[in-house]
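Okay, structure first, notes after.
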Amino acid sequence: MNKMDKIYVAGHRGLVGSAIVRHLSNAGYTNIIYKTHAELDLIDQQRVDSFFAQERPDYVFLAAAKVGGIHSNNTYRGEFIYENLMVQTNVIDAARRHGTKRLLFLGSSCIYPRNCPQPMKEEHLLTAPLEYTNEPYAVAKIAGIKLCDAYNSQYGTDFVSVMPTNLYGPNDNFDLETSHVLPALIRKVHEAKLKKSPSVTIWGTGTPKREFLHVDDMASACVFVMDKIGFQEMVNIGSGEEVSIRELAELICDVVGFKGDIVYDSSKPDGTPRKFLDTSRLNNLGWSPQVKLRDGLEQTYQWFVKVNQEESLAVV
Ligand code: GFB
């Protein structure tokens with residue numbers, strides 16, 4: 001990418017899209033374009049097509065998606081498959097028809113089988129059944145990967161897919177019903193501390209393991225892969241740091257300064273037991289993560305407290 005190339009970031013207000021915009025701006029890219037949901041509904045094929053016909057972006061980061069944690073994925077199953085299929089298909093097809101030089105599609109580690117051998121390699125895709133709680137989302141993401149591959153093969157496009165592990169950082173969703181575990185626990189533990197509660201309740205047994213990557217690392221990896229012209233293989237993006245949900249909860253209690261007990265609500269689902277990515281393909285290209293989990297948690301917690309304070313001041 002040249003600094004003046006026109007770069008469209010779809011989903012620029014989300015966790016990943018906002019980090020990609022920050023990263024590109026800091027790196028001196030000056031021609032970044034984006035639209036809010038109100039300005040451009042990516043489910044509307046005609047409007048997406050008109051936007052691409054008018055703007056003809058050189059590069060596209062496709063970070064727009066309907067995302068959420070285990071409860072949200074499992075509850076809004078229809079919305080997760082429909083909205084993701086529509087958004088990604090509209091953007092990928094418009095990029096093909098309007099001459100985008102290269103597009104980066106964001107997948108997810110949940111595309112791999114529920115009981116996948118660990119660490120999970122790119123070639124494990126479609127080798128066994130998926131985890132039920134996020135199957136609709138995973139099926140949509142797999143369709144996006146295959147759409148990119150099929151277009152590259154039939155039309156000679158240059159579209160590449162990246163598979164991030166569980167992400168976190170500023171601009172995450174901290175809603176207790178729909179969020180992922182890390183922001184949910186930051187909020188729960190923070191509120192438990194403020195209310196001087198004796199305990200905090202978390203979902204499931206605490207035994208599943210997850211790998212967490214700070215979104216600034218994710219953005220740097222996305223720009224790195226986008227710049228590897230000619231590299232079209234699907235590629236995993238992870239931190240290499242795996243923790244159990246129990247360990248995560250304990251770490252967050254420590255960062256927040258909450259001394260109460262952790263209670264496990266085993267009526268809530270655990271989801272996939274483990275999803276640790278093999279990132280050797282990306283590491284061999286020359287990229288590695290920078291943010292350690294403890295540091296990333298401290299930074300994200302500070303961000304959360306600051307935004308909360310600003311919001312409560314605005315209400316007053
Ligand atoms: O992050 P999370 O919602 O999604 O949950 P997944 C991870 C683990 O944390 C599960 C437990 O075992 C949850 O039961 N957990 C404990 C909690 N307390 C909480 C809580 O308060 N809130 C939440 N949300 N979880 C998602 C997929 O799977 O990961 C998506 O549904 C996507 O499709 C995303 O792939 C990265 O890691 O299980």
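Letters A, B, ... mark the chains of the structure tokens in the order given; residue numbers begin at 1 per chain; ligand numbers begin at 1, in order shown.
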Output as a PyMOL selection string all residues of stretch 61-276 of chain A that backbone DSSP marks as strand (DSSP E). chain A and resi 61-62+102-106+159-164+166-168+199-203+209-214+235-237+242-244+261-265
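The shell of residues at most 6 Å from stretch 87-99 of chain A, with only C-alpha atoms counted and near chain neighbours (fewer than 5 positions) removed, consists of Leu42, Ile43, Gln45, Asp49 and Arg56 of chain A.
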Nearby residues, ligand 1, 7 Å, only C-alpha atoms and all ligand atoms, as a PyMOL selection string: chain A and resi 67-71+73+108-110+133-134+137-138+165-167+176+178-182+184-185+202-204+206+208+210+245+268-272
Find the spatial neighbours of A:Leu106, counting only C-alpha atoms, within a cut-off of 10 Å - ignore same-chain residues fewer than 3 positions away - and output them as a list in words.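 My reading of the contact set: Val16, Phe61, Leu62, Ala63, Ala64, Ala65, Gln88, Leu103, Lys141, Gly144, Ile145, Val160, Ser161, Val162, Met163, Pro164 and Cys222 of chain A.
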Near A:Gly230, within 12 Å and counting only C-alpha atoms, which residues show up once chain neighbours fewer than 5 positions away are dropped, as a PDB file with C-alpha atoms, in the first residue's frame?
```
ATOM      1  CA  LYS A 101      -6.544  -4.227  -5.704  1.00  0.00           C
ATOM      2  CA  ARG A 102      -6.602  -6.222  -2.492  1.00  0.00           C
ATOM      3  CA  LEU A 103      -9.164  -7.026   0.204  1.00  0.00           C
ATOM      4  CA  ASN A 152      -9.294 -15.378  -6.581  1.00  0.00           C
ATOM      5  CA  GLY A 156      -8.003 -13.369 -10.460  1.00  0.00           C
ATOM      6  CA  THR A 157      -8.784 -11.083  -7.515  1.00  0.00           C
ATOM      7  CA  ASP A 158      -6.323 -10.683  -4.648  1.00  0.00           C
ATOM      8  CA  PHE A 159      -8.420 -11.310  -1.532  1.00  0.00           C
ATOM      9  CA  VAL A 160      -6.915 -12.736   1.642  1.00  0.00           C
ATOM     10  CA  VAL A 225      -0.730  -9.110   5.872  1.00  0.00           C
TER      11      VAL A 225
END
```
Which of stretch 33-230 of chain A fall in helix (DSSP H, G or I), as number ranges by chain: A: 45-55, 70-75, 77-97, 109-111, 122-124, 132-155, 181-194, 215-227
Give me the residues near stretch 301-303 of chain A as an NGL selection string, where near means some atom within 8 Å (using only C-alpha atoms) and where sequence neighbours in that chain fewer than 2 positions away do not count. :A and (170 or 186 or 255-256 or 297-299 or 305-307)
Compare A:Ser199, A:Asn115, A:Thr127, A:Ser220 by their minimum atom-to-atom distance to A:Lys275, counting only C-alpha atoms, and give me the closest one.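 Of A:Ser199, A:Asn115, A:Thr127, A:Ser220, the one nearest A:Lys275, counting only C-alpha atoms, is A:Asn115.
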Env of A:Ser25: 12 Å cut, atoms = only C-alpha atoms, seq-sep filter 5 positions within chain, self excluded. Answer as a VMD selection string. chain A and resid 3 to 4 7 9 18 to 20 30 to 33 219 to 220 223
Taking all heavy atoms for each residue, export the selection above as an mmCIF file, in the first residue's frame.
```cif
data_model
loop_
_atom_site.group_PDB
_atom_site.id
_atom_site.type_symbol
_atom_site.label_atom_id
_atom_site.label_comp_id
_atom_site.auth_asym_id
_atom_site.auth_seq_id
_atom_site.Cartn_x
_atom_site.Cartn_y
_atom_site.Cartn_z
ATOM 1 N N LYS A 3 1.095 5.432 0.661
ATOM 2 C CA LYS A 3 0.443 6.287 1.663
ATOM 3 C C LYS A 3 -0.777 7.032 1.113
ATOM 4 O O LYS A 3 -1.658 7.423 1.860
ATOM 5 C CB LYS A 3 1.448 7.297 2.245
ATOM 6 C CG LYS A 3 2.662 6.647 2.909
ATOM 7 C CD LYS A 3 2.330 5.985 4.230
ATOM 8 C CE LYS A 3 3.563 5.461 4.893
ATOM 9 N NZ LYS A 3 3.703 4.316 5.583
ATOM 10 N N MET A 4 -0.812 7.248 -0.210
ATOM 11 C CA MET A 4 -1.930 7.992 -0.807
ATOM 12 C C MET A 4 -3.044 7.076 -1.338
ATOM 13 O O MET A 4 -4.069 7.554 -1.809
ATOM 14 C CB MET A 4 -1.420 8.858 -1.973
ATOM 15 C CG MET A 4 -0.574 10.041 -1.547
ATOM 16 S SD MET A 4 -1.515 11.163 -0.509
ATOM 17 C CE MET A 4 -2.738 11.726 -1.694
ATOM 18 N N ILE A 7 -8.031 3.737 0.940
ATOM 19 C CA ILE A 7 -8.243 2.543 1.772
ATOM 20 C C ILE A 7 -9.603 2.643 2.452
ATOM 21 O O ILE A 7 -9.863 3.591 3.201
ATOM 22 C CB ILE A 7 -7.144 2.430 2.852
ATOM 23 C CG1 ILE A 7 -5.754 2.422 2.197
ATOM 24 C CG2 ILE A 7 -7.355 1.192 3.706
ATOM 25 C CD1 ILE A 7 -4.609 2.575 3.190
ATOM 26 N N VAL A 9 -12.078 1.193 5.194
ATOM 27 C CA VAL A 9 -12.184 0.336 6.377
ATOM 28 C C VAL A 9 -13.670 0.166 6.675
ATOM 29 O O VAL A 9 -14.340 1.097 7.134
ATOM 30 C CB VAL A 9 -11.438 0.940 7.589
ATOM 31 C CG1 VAL A 9 -11.562 0.019 8.806
ATOM 32 C CG2 VAL A 9 -9.962 1.175 7.256
ATOM 33 N N SER A 18 -11.770 0.207 14.273
ATOM 34 C CA SER A 18 -11.240 1.454 14.846
ATOM 35 C C SER A 18 -9.734 1.321 15.090
ATOM 36 O O SER A 18 -8.980 2.287 14.916
ATOM 37 C CB SER A 18 -11.980 1.840 16.133
ATOM 38 O OG SER A 18 -11.842 0.841 17.112
ATOM 39 N N ALA A 19 -9.289 0.139 15.464
ATOM 40 C CA ALA A 19 -7.849 -0.061 15.683
ATOM 41 C C ALA A 19 -7.087 -0.017 14.356
ATOM 42 O O ALA A 19 -5.963 0.499 14.296
ATOM 43 C CB ALA A 19 -7.611 -1.390 16.394
ATOM 44 N N ILE A 20 -7.692 -0.539 13.298
ATOM 45 C CA ILE A 20 -7.034 -0.486 11.980
ATOM 46 C C ILE A 20 -6.908 0.976 11.522
ATOM 47 O O ILE A 20 -5.851 1.394 11.036
ATOM 48 C CB ILE A 20 -7.796 -1.341 10.944
ATOM 49 C CG1 ILE A 20 -7.651 -2.835 11.276
ATOM 50 C CG2 ILE A 20 -7.303 -1.066 9.521
ATOM 51 C CD1 ILE A 20 -8.462 -3.779 10.402
ATOM 52 N N THR A 30 -3.072 8.570 4.395
ATOM 53 C CA THR A 30 -3.857 9.812 4.464
ATOM 54 C C THR A 30 -5.202 9.723 3.744
ATOM 55 O O THR A 30 -5.996 10.648 3.802
ATOM 56 C CB THR A 30 -3.057 10.960 3.827
ATOM 57 O OG1 THR A 30 -2.645 10.528 2.522
ATOM 58 C CG2 THR A 30 -1.854 11.337 4.661
ATOM 59 N N ASN A 31 -5.427 8.634 3.052
ATOM 60 C CA ASN A 31 -6.642 8.560 2.232
ATOM 61 C C ASN A 31 -7.526 7.401 2.689
ATOM 62 O O ASN A 31 -7.840 6.500 1.915
ATOM 63 C CB ASN A 31 -6.221 8.395 0.764
ATOM 64 C CG ASN A 31 -7.339 8.737 -0.196
ATOM 65 O OD1 ASN A 31 -8.429 9.136 0.227
ATOM 66 N ND2 ASN A 31 -7.085 8.552 -1.484
ATOM 67 N N ILE A 32 -7.907 7.458 3.966
ATOM 68 C CA ILE A 32 -8.733 6.388 4.543
ATOM 69 C C ILE A 32 -10.198 6.815 4.469
ATOM 70 O O ILE A 32 -10.529 7.936 4.865
ATOM 71 C CB ILE A 32 -8.355 6.148 6.025
ATOM 72 C CG1 ILE A 32 -6.848 5.951 6.166
ATOM 73 C CG2 ILE A 32 -9.114 4.966 6.606
ATOM 74 C CD1 ILE A 32 -6.353 6.042 7.602
ATOM 75 N N ILE A 33 -11.037 5.937 3.961
ATOM 76 C CA ILE A 33 -12.459 6.297 3.886
ATOM 77 C C ILE A 33 -13.284 5.310 4.710
ATOM 78 O O ILE A 33 -12.924 4.149 4.853
ATOM 79 C CB ILE A 33 -12.993 6.357 2.437
ATOM 80 C CG1 ILE A 33 -12.760 5.037 1.698
ATOM 81 C CG2 ILE A 33 -12.350 7.508 1.672
ATOM 82 C CD1 ILE A 33 -13.530 4.957 0.380
ATOM 83 N N ALA A 219 -4.510 -5.115 14.666
ATOM 84 C CA ALA A 219 -4.461 -4.109 13.594
ATOM 85 C C ALA A 219 -3.096 -4.143 12.915
ATOM 86 O O ALA A 219 -3.005 -4.080 11.680
ATOM 87 C CB ALA A 219 -4.731 -2.719 14.169
ATOM 88 N N SER A 220 -2.036 -4.262 13.697
ATOM 89 C CA SER A 220 -0.703 -4.282 13.083
ATOM 90 C C SER A 220 -0.549 -5.528 12.212
ATOM 91 O O SER A 220 0.024 -5.475 11.125
ATOM 92 C CB SER A 220 0.383 -4.145 14.153
ATOM 93 O OG SER A 220 1.068 -5.327 14.380
ATOM 94 N N VAL A 223 -2.510 -4.988 8.833
ATOM 95 C CA VAL A 223 -1.804 -4.115 7.888
ATOM 96 C C VAL A 223 -0.582 -4.851 7.326
ATOM 97 O O VAL A 223 -0.275 -4.764 6.132
ATOM 98 C CB VAL A 223 -1.421 -2.774 8.563
ATOM 99 C CG1 VAL A 223 -0.560 -1.917 7.648
ATOM 100 C CG2 VAL A 223 -2.689 -2.017 8.973
#
```
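Each of A:Val263, A:Ala192, A:Ala314, A:Met234 was checked against A:Leu282 using only C-alpha atoms; the smallest atom-to-atom distance is that of A:Met234.
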Choose the residue, out of A:Ala140, A:Val243, A:Leu213, A:Ala53, that has the smallest atom-to-atom separation from A:Arg77; count only C-alpha atoms.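 Between A:Ala140, A:Val243, A:Leu213, A:Ala53, the residue approaching A:Arg77 most closely is A:Ala140.
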Closest to A:Asp227 among A:Asp172, A:His124, A:Met1, A:Glu310, using only C-alpha atoms? A:Met1
I'd like the interatomic distance between atom CA of A:Gly28 and atom CA of A:Val60, to a tenth of an Å. 16.8 Å
Residues near A:Val200, cut-off 12 Å, only C-alpha atoms, skip fewer than 2 positions along chain, as a ChimeraX atom specification: /A:184-198,202-203,249-250,252-253,258-265
So that I have them on file, write out the residues from the current selection with N, CA, C and O atoms, as a JSON list (two decimals), in the first residue's frame.
```
[["chain", "number", "residue", "atom", "x", "y", "z"],
["A", 184, "ALA", "N", -16.79, -8.37, 29.50],
["A", 184, "ALA", "CA", -17.84, -8.66, 30.50],
["A", 184, "ALA", "C", -17.23, -8.75, 31.89],
["A", 184, "ALA", "O", -17.76, -8.19, 32.86],
["A", 185, "LEU", "N", -16.09, -9.44, 31.99],
["A", 185, "LEU", "CA", -15.48, -9.61, 33.32],
["A", 185, "LEU", "C", -14.90, -8.30, 33.84],
["A", 185, "LEU", "O", -14.96, -8.02, 35.04],
["A", 186, "ILE", "N", -14.35, -7.48, 32.95],
["A", 186, "ILE", "CA", -13.84, -6.17, 33.40],
["A", 186, "ILE", "C", -15.01, -5.39, 34.04],
["A", 186, "ILE", "O", -14.90, -4.86, 35.14],
["A", 187, "ARG", "N", -16.13, -5.39, 33.36],
["A", 187, "ARG", "CA", -17.26, -4.62, 33.88],
["A", 187, "ARG", "C", -17.82, -5.23, 35.17],
["A", 187, "ARG", "O", -18.08, -4.51, 36.13],
["A", 188, "LYS", "N", -18.01, -6.56, 35.15],
["A", 188, "LYS", "CA", -18.58, -7.21, 36.34],
["A", 188, "LYS", "C", -17.69, -6.99, 37.58],
["A", 188, "LYS", "O", -18.18, -6.69, 38.65],
["A", 189, "VAL", "N", -16.40, -7.16, 37.39],
["A", 189, "VAL", "CA", -15.48, -7.06, 38.52],
["A", 189, "VAL", "C", -15.39, -5.60, 38.99],
["A", 189, "VAL", "O", -15.38, -5.32, 40.19],
["A", 190, "HIS", "N", -15.37, -4.68, 38.04],
["A", 190, "HIS", "CA", -15.33, -3.24, 38.40],
["A", 190, "HIS", "C", -16.59, -2.87, 39.21],
["A", 190, "HIS", "O", -16.48, -2.21, 40.25],
["A", 191, "GLU", "N", -17.74, -3.32, 38.74],
["A", 191, "GLU", "CA", -18.98, -2.97, 39.45],
["A", 191, "GLU", "C", -19.04, -3.65, 40.82],
["A", 191, "GLU", "O", -19.52, -3.07, 41.79],
["A", 192, "ALA", "N", -18.54, -4.89, 40.89],
["A", 192, "ALA", "CA", -18.51, -5.60, 42.18],
["A", 192, "ALA", "C", -17.62, -4.85, 43.17],
["A", 192, "ALA", "O", -17.94, -4.74, 44.35],
["A", 193, "LYS", "N", -16.52, -4.30, 42.66],
["A", 193, "LYS", "CA", -15.62, -3.54, 43.53],
["A", 193, "LYS", "C", -16.32, -2.27, 44.04],
["A", 193, "LYS", "O", -16.30, -1.99, 45.24],
["A", 194, "LEU", "N", -16.97, -1.55, 43.11],
["A", 194, "LEU", "CA", -17.65, -0.31, 43.51],
["A", 194, "LEU", "C", -18.75, -0.56, 44.53],
["A", 194, "LEU", "O", -18.93, 0.20, 45.47],
["A", 195, "LYS", "N", -19.49, -1.67, 44.31],
["A", 195, "LYS", "CA", -20.61, -1.99, 45.22],
["A", 195, "LYS", "C", -20.15, -2.73, 46.47],
["A", 195, "LYS", "O", -20.97, -3.14, 47.29],
["A", 196, "LYS", "N", -18.86, -2.98, 46.57],
["A", 196, "LYS", "CA", -18.30, -3.76, 47.70],
["A", 196, "LYS", "C", -19.00, -5.12, 47.84],
["A", 196, "LYS", "O", -19.30, -5.58, 48.95],
["A", 197, "SER", "N", -19.30, -5.76, 46.71],
["A", 197, "SER", "CA", -19.95, -7.08, 46.73],
["A", 197, "SER", "C", -18.97, -8.12, 47.26],
["A", 197, "SER", "O", -17.76, -8.01, 47.02],
["A", 198, "PRO", "N", -19.50, -9.16, 47.95],
["A", 198, "PRO", "CA", -18.59, -10.20, 48.46],
["A", 198, "PRO", "C", -18.06, -11.11, 47.34],
["A", 198, "PRO", "O", -17.03, -11.76, 47.51],
["A", 202, "ILE", "N", -19.36, -15.52, 37.40],
["A", 202, "ILE", "CA", -19.01, -15.64, 35.98],
["A", 202, "ILE", "C", -19.66, -16.89, 35.40],
["A", 202, "ILE", "O", -20.07, -17.78, 36.13],
["A", 203, "TRP", "N", -19.76, -16.92, 34.07],
["A", 203, "TRP", "CA", -20.50, -18.00, 33.40],
["A", 203, "TRP", "C", -19.64, -19.24, 33.23],
["A", 203, "TRP", "O", -18.42, -19.14, 33.00],
["A", 249, "ALA", "N", -10.23, -14.57, 34.97],
["A", 249, "ALA", "CA", -11.03, -13.89, 36.00],
["A", 249, "ALA", "C", -10.13, -13.45, 37.15],
["A", 249, "ALA", "O", -10.26, -12.33, 37.67],
["A", 250, "GLU", "N", -9.21, -14.32, 37.55],
["A", 250, "GLU", "CA", -8.31, -13.97, 38.67],
["A", 250, "GLU", "C", -7.40, -12.80, 38.31],
["A", 250, "GLU", "O", -7.18, -11.89, 39.11],
["A", 252, "ILE", "N", -8.08, -10.45, 36.11],
["A", 252, "ILE", "CA", -8.89, -9.22, 36.06],
["A", 252, "ILE", "C", -9.19, -8.72, 37.48],
["A", 252, "ILE", "O", -9.11, -7.52, 37.75],
["A", 253, "CYS", "N", -9.47, -9.63, 38.41],
["A", 253, "CYS", "CA", -9.70, -9.22, 39.81],
["A", 253, "CYS", "C", -8.46, -8.51, 40.33],
["A", 253, "CYS", "O", -8.56, -7.49, 41.04],
["A", 258, "PHE", "N", -10.08, -6.11, 43.04],
["A", 258, "PHE", "CA", -11.25, -6.69, 43.71],
["A", 258, "PHE", "C", -10.82, -7.92, 44.50],
["A", 258, "PHE", "O", -10.19, -8.82, 43.95],
["A", 259, "LYS", "N", -11.16, -7.92, 45.79],
["A", 259, "LYS", "CA", -10.65, -8.98, 46.67],
["A", 259, "LYS", "C", -11.68, -10.06, 46.98],
["A", 259, "LYS", "O", -11.39, -11.01, 47.71],
["A", 260, "GLY", "N", -12.91, -9.94, 46.44],
["A", 260, "GLY", "CA", -13.97, -10.91, 46.77],
["A", 260, "GLY", "C", -13.78, -12.25, 46.07],
["A", 260, "GLY", "O", -12.77, -12.50, 45.41],
["A", 261, "ASP", "N", -14.81, -13.11, 46.21],
["A", 261, "ASP", "CA", -14.74, -14.46, 45.64],
["A", 261, "ASP", "C", -15.23, -14.48, 44.20],
["A", 261, "ASP", "O", -16.01, -13.62, 43.78],
["A", 262, "ILE", "N", -14.81, -15.53, 43.49],
["A", 262, "ILE", "CA", -15.32, -15.76, 42.14],
["A", 262, "ILE", "C", -16.28, -16.96, 42.21],
["A", 262, "ILE", "O", -15.89, -18.03, 42.68],
["A", 263, "VAL", "N", -17.52, -16.74, 41.77],
["A", 263, "VAL", "CA", -18.53, -17.81, 41.80],
["A", 263, "VAL", "C", -18.81, -18.23, 40.36],
["A", 263, "VAL", "O", -18.94, -17.37, 39.48],
["A", 264, "TYR", "N", -18.91, -19.54, 40.12],
["A", 264, "TYR", "CA", -19.11, -20.05, 38.76],
["A", 264, "TYR", "C", -20.56, -20.48, 38.56],
["A", 264, "TYR", "O", -21.07, -21.30, 39.33],
["A", 265, "ASP", "N", -21.21, -19.95, 37.53],
["A", 265, "ASP", "CA", -22.60, -20.31, 37.22],
["A", 265, "ASP", "C", -22.56, -21.36, 36.11],
["A", 265, "ASP", "O", -22.54, -21.05, 34.93]]
```
